[in-house]
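Undergrad: Below you'll find the structure I mean.
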Amino acid sequence: MIDTELLEILACPENKTPVRLADAAEIESLNGRISAGGVTNRGGSPVKDPVDGGLIREDGAYLYAIRDEIPVMLIDEAIPLTASPEE
């Protein structure tokens with residue numbers, strides 16, 4: 001899916017920490033939440049389409065979706081996986 005050399009140089013655009021490829025169980029869980037509704041990205045837009053894969057920030061707080069084999073590394077498009085400290 002994602003070239004290992006590319007994965008090694010990708011980092012979270014917000015805090016510059018490494019990202020890792022989400023495993024199948026994490027993607028399945030997220031897609032279940034998306035299909036149930038109520039998932040919004042950091043920009044506040046609802047996430048309606050399931051993700052093909054994702055890159056998870058080192059602290060596990062956000063997932064950057066992979067769509068059509070392209071990682072979407074935009075802060076506002078990140079999908080929160082845990083409650084953020086400011087919430």
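Residue numbers start at 1 in each chain; chains themselves are named A, B, ... in the order of the structure tokens; ligands are numbered from 1 in the order shown.
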Skip Lys48 of chain A itself and residues of its chain fewer than 5 positions away, then list as a PDB file with C-alpha atoms, in the first residue's frame all residues within 8 Å of it, counting only C-alpha atoms.

TA:
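What landed in part_33.pdb:
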```pdb
ATOM      1  CA  ILE A  34     -17.851   6.214  10.357  1.00  0.00           C
ATOM      2  CA  SER A  35     -20.749   4.057   9.144  1.00  0.00           C
ATOM      3  CA  GLY A  37     -22.218   8.403  11.957  1.00  0.00           C
ATOM      4  CA  VAL A  39     -17.216  10.979  13.167  1.00  0.00           C
TER       5      VAL A  39
END
```

Undergrad: Would you list the contacts of Ile66 of chain A as a count of residues only, taking every protein, DNA or RNA residue within 7 Å and counting only C-alpha atoms, but skipping same-chain residues closer than 2 positions in sequence?

TA: 10

Undergrad: Using only C-alpha atoms, which residues sit within 10 Å of Pro50 of chain A once same-chain residues fewer than 5 positions away are excluded, as a list in words?

TA: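 Returned residues: Ile27, Glu28, Leu30, Asn31, Gly32, Arg33, Ile34, Ser35, Ala65 and Arg67 of chain A.
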
Undergrad: Just want the 12 Å neighbourhood of Asp59 of chain A, counted on only C-alpha atoms, with same-chain residues fewer than 6 positions away dropped. Output as a ChimeraX atom specification.

TA: /A:11-12,15-20,80-82,84

Undergrad: Taking C-alpha atoms for each residue, export the selection above as a short mmCIF file (atom, residue, chain, number, x, y, z; two decimals), in the first residue's frame.

TA:
```cif
data_model
loop_
_atom_site.label_atom_id
_atom_site.label_comp_id
_atom_site.auth_asym_id
_atom_site.auth_seq_id
_atom_site.Cartn_x
_atom_site.Cartn_y
_atom_site.Cartn_z
CA ALA A 11 5.57 12.87 9.71
CA CYS A 12 2.58 14.53 11.30
CA ASN A 15 3.88 18.23 15.56
CA LYS A 16 6.40 16.58 13.18
CA THR A 17 6.31 13.23 15.02
CA PRO A 18 6.53 9.94 13.10
CA VAL A 19 3.45 8.18 11.80
CA ARG A 20 2.79 4.47 11.48
CA PRO A 80 -9.37 12.15 16.00
CA LEU A 81 -8.92 8.72 17.56
CA THR A 82 -8.99 9.91 21.17
CA SER A 84 -7.99 15.81 22.52
#
```

Undergrad: For each of A:Ala25, A:Ile9, A:Ile79, A:Leu55, take the minimum atom-to-atom distance to Gly38 of chain A, counting only C-alpha atoms, then give the residue where this is smallest.

TA: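 Comparing A:Ala25, A:Ile9, A:Ile79, A:Leu55 against Gly38 of chain A, the winner is A:Ile79.
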